[in-house]
Protein chains: 2
Amino acid sequence: MALILTFLGKGGTGRTTLAIAAAKKLAGLGSQVLLIGQDPSPAFSMLLGTPVDSSPTDIAPNLKVVNLNSTALIAQGWEDVKELESKYLRSPTLKNVYGQELGILPGMDSGLALNAIREYDKSGKYEVIIYDGDSSLTTLRMLGIPEISSWYARRFSQVLGESDVVKALSPFIQPITSTILNVSWSADDLSQGTTNDILSQGKAAIANPKRLAAYLVTTDDKVAIAQAKYIWGGAQQIGLTVKGVLLNKTQATDTLTQEFAPLGVSAIPQRTGDDWQPLLDALPDLLADTQAPLPLTIDVAARQIQIFLPGFDKKQVKLTQYGPELTIEAGDQRRNIELPPPLAGQSVKGAKFQNHYLIVSF
Amino acid sequence: MALILTFLGKGGTGRTTLAIAAAKKLAGLGSQVLLIGQDPSPAFSMLLGTPVDSSPTDIAPNLKVVNLNSTALIAQGWEDVKELESKYLRSPTLKNVYGQELGILPGMDSGLALNAIREYDKSGKYEVIIYDGDSSLTTLRMLGIPEISSWYARRFSQVLGESDVVKALSPFIQPITSTILNVSWSADDLSQGTTNDILSQGKAAIANPKRLAAYLVTTDDKVAIAQAKYIWGGAQQIGLTVKGVLLNKTQATDTLTQEFAPLGVSAIPQRTGDDWQPLLDALPDLLADTQAPLPLTIDVAARQIQIFLPGFDKKQVKLTQYGPELTIEAGDQRRNIELPPPLAGQSVKGAKFQNHYLIVSF
């Protein structure tokens, strides 16, 4: 299992350049590094100074690079879908559709990329994986997939389990499945909503800063700084730990250091020509354990949870309990918090927003 | 119906600034303008110099601005889903799930935004709608929804219509639907795949430069130029006409003008403080009819189609015929071209790539 790092910030602040610098630095220090880009334009290859391919290619000792290509990944994934279908279905239908025909709809890039990262991680070949996505908001949505999909799965399996529709359908399910499937399923099998191992593992990985962490990238432009702060908060909403701030092409100032406290701020010089060394030297120790606040702390004994939400002010954070779980809304993201048994299903007694923390008592 | 404009280019080149400038200019000339942003961070509001809200707000004569918020849009859309369910389903289930709980998965932002743009357009209140998306690659995926979804619908309804599974299921469909629905459906209703008006209208709007068009934005940075050229090609792949190039914060050069020929290139000066006038003055006539090449020309008599694909070289363009339609692959996008009757289903006789055109003969 690898440490997965990603660099988040406004477009044009140098995220890709710093992802490349981080990959070069860690490979130089002896880690097996895979740098993953996801840019179909020539930009990634131009910044890297070498052509990129859709399968991992050596570009320096210990350093491989790959550029994710959704049309290739979907064609590959479609073969797996067809194989599954032919295993379960008596007369497979999808065999008449080819992976090479399938178009890419919004969201597919993210799903395919997350799955590709998971597989590269699982391969055991890399100690560090650096992912450089297209936009940081897209990367946050992508890393939110395991938690949000898990919520949809548990919420809708509960609703379907209680529904009259599933009860009305149940006499039909066994005869239908035995007609079309090689296996026989009952209504219970369909409504139970099996725990999905891949999603649970994904959630655990994202919540663990030894497995996945982000750095913020900004210049001294005030719009870029505001967006970096927003992304810092947005990362907490998906349970992603932010380890530090890279202040690109500029000097660190006290004001900036205060704005991002308690994170460390590293000033990175502008690259001149092909000389990457000053950038590598200026990067912090990317493998060090982090002192950064955890996105979520649950204290069952104190009947309290603490959610770290920097970058938002009080009126941007909304706490509701419409459904069976606690919903936190901030920065156009919604997070449903699954609480452990003694707190699950309890009503909120009080909530306050203090020093970037939302503190909720039950 | 409005003219919808969008500004595409690498992050950090000034897309949002130029979208704002375009909105100011057109409103100043007397058009009713809606500027749509989709940025949950404070960046959009900072660049605009005024707070933004999730419903359209007046900020100047003839000029309204709205910032799309996916959590609000999904809650609203969910109410429509529940209403539909309660209309058709005898015992509705979804009423127990609240729109305020729903998390945002990748792709939802794009689907919700495209629907919001469609509704603002349909409202008849605006002559010009300017959409400023997050990343340009995401905007291309979003504007590809009508064409690609239509393909999925027609391809899979055909496959399902021929499938043994649908035949095996057909005796069950009527008893099931009559048990759970207020209406009665047969297997034919399910497999016919009704033409979706909204998708067809969306495809027609995107293919019509009087309804929807894009401008490229770049600085003189070579990576930004390469990405703008790539986006130019990518736009053709979804049938979107690019009307011109805005060269931001720099002077136009002959080399650059040649790189983007036959498009017009306008040099836009850097903004100083709050003085937008020099930017407004430097913008081209955004409402003028375009001489830009159409993305796709079908000549039935000559049994030939021409696909304009600038920004790609020959080996980046792939033409295949795996399924019943012609598939063009370029720049991590796949387009299936639905041909009119005399050419539909015909085999390709020859293809060549010449002066940015892929010319296919049948």
# chains A, B, ... in the order shown; residues from 1 in each chain; ligands from 1
$ residues_around --residues "Glu79 (chain A)" --least-positions-apart "3" --cutoff "10 Å" --atoms "only C-alpha atoms" --output "PyMOL selection string"
chain A and resi 74-76+82-85+94-95+98-99
$ write_last_selection --atoms "N, CA and C atoms" --output "PDB file, in the first residue's frame"
ATOM      1  N   ILE A  74     -12.497   3.093 -19.825  1.00  0.00           N
ATOM      2  CA  ILE A  74     -13.874   2.617 -19.889  1.00  0.00           C
ATOM      3  C   ILE A  74     -13.966   1.371 -20.777  1.00  0.00           C
ATOM      4  N   ALA A  75     -13.146   1.326 -21.824  1.00  0.00           N
ATOM      5  CA  ALA A  75     -13.162   0.158 -22.711  1.00  0.00           C
ATOM      6  C   ALA A  75     -12.720  -1.086 -21.927  1.00  0.00           C
ATOM      7  N   GLN A  76     -11.694  -0.886 -21.080  1.00  0.00           N
ATOM      8  CA  GLN A  76     -11.168  -1.955 -20.245  1.00  0.00           C
ATOM      9  C   GLN A  76     -12.222  -2.386 -19.206  1.00  0.00           C
ATOM     10  N   LYS A  82     -18.909  -7.081 -18.998  1.00  0.00           N
ATOM     11  CA  LYS A  82     -19.422  -8.137 -19.878  1.00  0.00           C
ATOM     12  C   LYS A  82     -19.112  -9.527 -19.308  1.00  0.00           C
ATOM     13  N   GLU A  83     -17.929  -9.642 -18.700  1.00  0.00           N
ATOM     14  CA  GLU A  83     -17.560 -10.930 -18.120  1.00  0.00           C
ATOM     15  C   GLU A  83     -18.505 -11.283 -16.973  1.00  0.00           C
ATOM     16  N   LEU A  84     -18.798 -10.278 -16.125  1.00  0.00           N
ATOM     17  CA  LEU A  84     -19.733 -10.481 -15.019  1.00  0.00           C
ATOM     18  C   LEU A  84     -21.099 -10.895 -15.549  1.00  0.00           C
ATOM     19  N   GLU A  85     -21.559 -10.184 -16.585  1.00  0.00           N
ATOM     20  CA  GLU A  85     -22.878 -10.467 -17.143  1.00  0.00           C
ATOM     21  C   GLU A  85     -22.944 -11.906 -17.655  1.00  0.00           C
ATOM     22  N   LEU A  94     -25.070  -7.685 -23.316  1.00  0.00           N
ATOM     23  CA  LEU A  94     -24.097  -6.604 -23.460  1.00  0.00           C
ATOM     24  C   LEU A  94     -22.933  -6.978 -24.363  1.00  0.00           C
ATOM     25  N   LYS A  95     -22.788  -8.270 -24.661  1.00  0.00           N
ATOM     26  CA  LYS A  95     -21.683  -8.682 -25.534  1.00  0.00           C
ATOM     27  C   LYS A  95     -21.770  -8.003 -26.901  1.00  0.00           C
ATOM     28  N   TYR A  98     -19.660  -2.639 -27.687  1.00  0.00           N
ATOM     29  CA  TYR A  98     -18.205  -2.666 -27.590  1.00  0.00           C
ATOM     30  C   TYR A  98     -17.688  -1.515 -26.735  1.00  0.00           C
ATOM     31  N   GLY A  99     -16.704  -1.792 -25.915  1.00  0.00           N
ATOM     32  CA  GLY A  99     -16.104  -0.761 -25.067  1.00  0.00           C
ATOM     33  C   GLY A  99     -15.556   0.404 -25.872  1.00  0.00           C
TER      34      GLY A  99
END
$ closest_atom_pairs --of "chain B" --to "chain A" --cutoff "7 Å" --atoms "only C-alpha atoms" --output "JSON lines"
{"residue": "B:Gly11", "atom": "CA", "partner": "A:Gly11", "partner_atom": "CA", "distance": 4.0}
{"residue": "B:Gly12", "atom": "CA", "partner": "A:Gly12", "partner_atom": "CA", "distance": 4.1}
{"residue": "B:Pro40", "atom": "CA", "partner": "A:Gly331", "partner_atom": "CA", "distance": 5.7}
{"residue": "B:Ser41", "atom": "CA", "partner": "A:Tyr230", "partner_atom": "CA", "distance": 5.6}
{"residue": "B:Pro42", "atom": "CA", "partner": "A:Ala226", "partner_atom": "CA", "distance": 6.3}
{"residue": "B:Ala43", "atom": "CA", "partner": "A:Val223", "partner_atom": "CA", "distance": 5.4}
{"residue": "B:Met46", "atom": "CA", "partner": "A:Val223", "partner_atom": "CA", "distance": 6.9}
{"residue": "B:Asn69", "atom": "CA", "partner": "A:Asp332", "partner_atom": "CA", "distance": 6.1}
{"residue": "B:Ser70", "atom": "CA", "partner": "A:Asp332", "partner_atom": "CA", "distance": 6.2}
{"residue": "B:Thr71", "atom": "CA", "partner": "A:Asp332", "partner_atom": "CA", "distance": 5.6}
{"residue": "B:Ser91", "atom": "CA", "partner": "A:Asp164", "partner_atom": "CA", "distance": 6.3}
{"residue": "B:Thr93", "atom": "CA", "partner": "A:Ser163", "partner_atom": "CA", "distance": 5.7}
{"residue": "B:Val97", "atom": "CA", "partner": "A:Gly323", "partner_atom": "CA", "distance": 6.8}
{"residue": "B:Tyr98", "atom": "CA", "partner": "A:Tyr322", "partner_atom": "CA", "distance": 6.6}
{"residue": "B:Glu101", "atom": "CA", "partner": "A:Thr327", "partner_atom": "CA", "distance": 6.3}
{"residue": "B:Gly103", "atom": "CA", "partner": "A:Arg334", "partner_atom": "CA", "distance": 5.0}
{"residue": "B:Ile104", "atom": "CA", "partner": "A:Gln333", "partner_atom": "CA", "distance": 6.6}
{"residue": "B:Leu105", "atom": "CA", "partner": "A:Ile145", "partner_atom": "CA", "distance": 6.2}
{"residue": "B:Pro106", "atom": "CA", "partner": "A:Gly107", "partner_atom": "CA", "distance": 4.3}
{"residue": "B:Gly107", "atom": "CA", "partner": "A:Gly107", "partner_atom": "CA", "distance": 3.6}
{"residue": "B:Ser110", "atom": "CA", "partner": "A:Pro106", "partner_atom": "CA", "distance": 6.4}
{"residue": "B:Ser135", "atom": "CA", "partner": "A:Ser135", "partner_atom": "CA", "distance": 6.0}
{"residue": "B:Arg141", "atom": "CA", "partner": "A:Pro106", "partner_atom": "CA", "distance": 5.4}
{"residue": "B:Met142", "atom": "CA", "partner": "A:Pro106", "partner_atom": "CA", "distance": 6.1}
{"residue": "B:Ile145", "atom": "CA", "partner": "A:Leu105", "partner_atom": "CA", "distance": 6.2}
{"residue": "B:Ile148", "atom": "CA", "partner": "A:Gly103", "partner_atom": "CA", "distance": 5.9}
{"residue": "B:Val159", "atom": "CA", "partner": "A:Thr93", "partner_atom": "CA", "distance": 6.8}
{"residue": "B:Ser163", "atom": "CA", "partner": "A:Thr93", "partner_atom": "CA", "distance": 5.7}
{"residue": "B:Asp164", "atom": "CA", "partner": "A:Ser91", "partner_atom": "CA", "distance": 6.3}
{"residue": "B:Val165", "atom": "CA", "partner": "A:Ile180", "partner_atom": "CA", "distance": 6.2}
{"residue": "B:Ala168", "atom": "CA", "partner": "A:Ile180", "partner_atom": "CA", "distance": 6.8}
{"residue": "B:Leu169", "atom": "CA", "partner": "A:Ile176", "partner_atom": "CA", "distance": 6.7}
{"residue": "B:Ile176", "atom": "CA", "partner": "A:Leu169", "partner_atom": "CA", "distance": 6.7}
{"residue": "B:Thr179", "atom": "CA", "partner": "A:Ala168", "partner_atom": "CA", "distance": 6.8}
{"residue": "B:Ile180", "atom": "CA", "partner": "A:Val165", "partner_atom": "CA", "distance": 6.2}
{"residue": "B:Val223", "atom": "CA", "partner": "A:Ala43", "partner_atom": "CA", "distance": 5.4}
{"residue": "B:Ala226", "atom": "CA", "partner": "A:Pro42", "partner_atom": "CA", "distance": 6.3}
{"residue": "B:Gln227", "atom": "CA", "partner": "A:Ser41", "partner_atom": "CA", "distance": 5.6}
{"residue": "B:Tyr230", "atom": "CA", "partner": "A:Ser41", "partner_atom": "CA", "distance": 5.6}
{"residue": "B:Tyr322", "atom": "CA", "partner": "A:Tyr98", "partner_atom": "CA", "distance": 6.6}
{"residue": "B:Gly323", "atom": "CA", "partner": "A:Glu101", "partner_atom": "CA", "distance": 6.5}
{"residue": "B:Thr327", "atom": "CA", "partner": "A:Glu101", "partner_atom": "CA", "distance": 6.3}
{"residue": "B:Gly331", "atom": "CA", "partner": "A:Pro40", "partner_atom": "CA", "distance": 5.7}
{"residue": "B:Asp332", "atom": "CA", "partner": "A:Thr71", "partner_atom": "CA", "distance": 5.6}
{"residue": "B:Gln333", "atom": "CA", "partner": "A:Ile104", "partner_atom": "CA", "distance": 6.6}
{"residue": "B:Arg334", "atom": "CA", "partner": "A:Gly103", "partner_atom": "CA", "distance": 5.0}
{"residue": "B:Arg335", "atom": "CA", "partner": "A:Gly103", "partner_atom": "CA", "distance": 6.4}
$ write_last_selection --atoms "C-alpha atoms" --output "compact mmCIF listing (two decimals), in the first residue's frame"
# COMPACT_ATOMS: atom_id res chain seq x y z
CA GLY B 11 -7.07 27.57 -15.35
CA GLY B 12 -5.53 30.90 -14.35
CA PRO B 40 -18.55 27.50 -4.39
CA SER B 41 -15.35 29.29 -3.31
CA PRO B 42 -15.25 33.07 -2.76
CA ALA B 43 -13.26 33.52 -6.02
CA MET B 46 -14.18 38.48 -5.39
CA ASN B 69 -25.15 25.64 -5.98
CA SER B 70 -25.43 21.89 -6.44
CA THR B 71 -26.72 21.13 -2.94
CA SER B 91 -47.20 3.40 -2.60
CA THR B 93 -41.16 5.16 -1.17
CA VAL B 97 -35.77 10.57 1.72
CA TYR B 98 -35.17 14.31 1.91
CA GLU B 101 -29.73 14.86 2.86
CA GLY B 103 -24.69 14.22 -1.18
CA ILE B 104 -23.07 15.28 -4.44
CA LEU B 105 -21.30 12.63 -6.50
CA PRO B 106 -19.01 13.38 -9.48
CA GLY B 107 -20.98 14.38 -12.56
CA SER B 110 -22.61 19.07 -14.52
CA SER B 135 -12.70 23.64 -15.47
CA ARG B 141 -18.11 17.01 -20.69
CA MET B 142 -21.24 18.89 -19.56
CA ILE B 145 -24.35 15.26 -22.21
CA ILE B 148 -23.64 11.20 -25.58
CA VAL B 159 -29.68 -3.94 -27.68
CA SER B 163 -32.28 -9.26 -26.03
CA ASP B 164 -33.53 -12.59 -24.75
CA VAL B 165 -33.68 -11.09 -21.26
CA ALA B 168 -37.92 -13.67 -20.89
CA LEU B 169 -39.13 -10.87 -18.65
CA ILE B 176 -45.73 -6.26 -11.87
CA THR B 179 -49.33 -4.18 -8.94
CA ILE B 180 -47.08 -1.23 -8.15
CA VAL B 223 1.35 25.60 -21.97
CA ALA B 226 -1.33 24.31 -26.16
CA GLN B 227 -4.27 23.70 -23.83
CA TYR B 230 -6.60 21.18 -27.41
CA TYR B 322 -17.31 -1.31 -33.94
CA GLY B 323 -21.01 -0.64 -33.40
CA THR B 327 -17.00 6.41 -33.81
CA GLY B 331 -8.50 13.89 -27.16
CA ASP B 332 -10.01 11.43 -24.68
CA GLN B 333 -13.47 12.03 -26.15
CA ARG B 334 -15.54 9.65 -28.17
CA ARG B 335 -18.26 10.74 -30.53
$ residues_around --residues "Pro340 (chain A)" --least-positions-apart "2" --cutoff "9 Å" --atoms "only C-alpha atoms" --output "mmCIF file with C-alpha atoms, in the first residue's frame"
data_model
loop_
_atom_site.group_PDB
_atom_site.id
_atom_site.type_symbol
_atom_site.label_atom_id
_atom_site.label_comp_id
_atom_site.auth_asym_id
_atom_site.auth_seq_id
_atom_site.Cartn_x
_atom_site.Cartn_y
_atom_site.Cartn_z
ATOM 1 C CA ILE A 298 -15.892 11.313 17.750
ATOM 2 C CA VAL A 300 -18.458 8.664 22.563
ATOM 3 C CA GLU A 338 -22.562 7.791 10.415
ATOM 4 C CA PRO A 342 -24.330 4.863 21.410
ATOM 5 C CA LEU A 343 -24.749 8.122 19.456
ATOM 6 C CA ALA A 344 -26.483 6.829 16.316
#
$ select_by_dssp --residues "region 272-337 of chain B" --states "alpha helix (DSSP H)" --output "PyMOL selection string"
chain B and resi 277-282
$ write_last_selection --atoms "C-alpha atoms" --output "compact mmCIF listing (two decimals), in the first residue's frame"
# COMPACT_ATOMS: atom_id res chain seq x y z
CA GLN B 277 -13.57 49.67 -19.65
CA PRO B 278 -10.31 48.82 -21.51
CA LEU B 279 -11.28 45.10 -21.36
CA LEU B 280 -14.80 45.81 -22.63
CA ASP B 281 -13.40 47.92 -25.46
CA ALA B 282 -10.95 45.19 -26.49
$ atom_distance --atom1 "CA of Ala213 (chain A)" --atom2 "CA of Leu26 (chain A)"
15.0 Å
$ residues_around --residues "Leu3 (chain A)" --least-positions-apart "2" --cutoff "10 Å" --atoms "only C-alpha atoms" --output "number ranges by chain"
A: 1, 5, 33, 121, 126-130, 205, 208-213, 286-287
$ atom_distance --atom1 "CA of Ser266 (chain B)" --atom2 "CA of Thr218 (chain B)"
10.6 Å
$ select_by_dssp --residues "region 53-231 of chain B" --states "strand (DSSP E)" --output "count of residues only"
21
$ residues_around --residues "Leu18 (chain A)" --least-positions-apart "3" --cutoff "10 Å" --atoms "only C-alpha atoms" --output "compact mmCIF listing (two decimals) with N, CA and C atoms, in the first residue's frame"
# COMPACT_ATOMS: atom_id res chain seq x y z
N THR A 6 -1.90 14.40 -3.08
CA THR A 6 -2.44 15.22 -4.16
C THR A 6 -2.26 16.69 -3.81
N PHE A 7 -2.19 17.54 -4.82
CA PHE A 7 -1.88 18.96 -4.64
C PHE A 7 -3.07 19.77 -5.13
N THR A 13 -1.97 28.06 -10.47
CA THR A 13 -1.05 28.39 -9.37
C THR A 13 0.19 27.51 -9.37
N GLY A 14 0.20 26.49 -10.24
CA GLY A 14 1.39 25.64 -10.32
C GLY A 14 1.22 24.28 -9.66
N ARG A 15 -0.02 23.82 -9.55
CA ARG A 15 -0.26 22.51 -8.93
C ARG A 15 0.49 21.39 -9.64
N ALA A 21 7.45 18.16 -9.11
CA ALA A 21 8.60 18.38 -8.23
C ALA A 21 8.58 17.39 -7.06
N ALA A 22 7.40 17.17 -6.49
CA ALA A 22 7.27 16.23 -5.36
C ALA A 22 7.65 14.82 -5.80
N ALA A 23 7.20 14.43 -6.98
CA ALA A 23 7.51 13.09 -7.48
C ALA A 23 9.01 12.93 -7.70
N LYS A 24 9.64 13.96 -8.29
CA LYS A 24 11.09 13.91 -8.53
C LYS A 24 11.84 13.82 -7.20
N ASP A 132 -2.32 14.05 -9.86
CA ASP A 132 -2.54 15.43 -10.28
C ASP A 132 -3.80 15.48 -11.13
N TYR A 215 -1.79 18.58 -0.12
CA TYR A 215 -1.14 19.86 0.15
C TYR A 215 -1.90 20.93 -0.61
N VAL A 217 -1.87 24.45 -2.68
CA VAL A 217 -0.94 25.24 -3.49
C VAL A 217 -1.58 26.60 -3.74
N LEU A 246 1.83 25.03 0.16
CA LEU A 246 2.98 25.39 -0.66
C LEU A 246 2.68 26.74 -1.29
N ASN A 248 3.62 29.22 -3.77
CA ASN A 248 4.40 29.09 -4.99
C ASN A 248 4.84 30.45 -5.53
N ILE A 268 8.00 28.32 -2.17
CA ILE A 268 8.67 27.60 -3.26
C ILE A 268 9.07 28.63 -4.32
N TRP A 276 15.12 22.04 -11.71
CA TRP A 276 14.08 21.71 -10.73
C TRP A 276 14.63 21.73 -9.30
N LEU A 279 13.31 23.95 -6.45
CA LEU A 279 11.95 23.59 -6.04
C LEU A 279 11.97 22.38 -5.12
N LEU A 280 12.78 21.37 -5.51
CA LEU A 280 12.87 20.16 -4.71
C LEU A 280 13.38 20.49 -3.31
N LEU A 283 10.70 22.10 -1.01
CA LEU A 283 9.54 21.32 -0.56
C LEU A 283 9.74 20.82 0.86
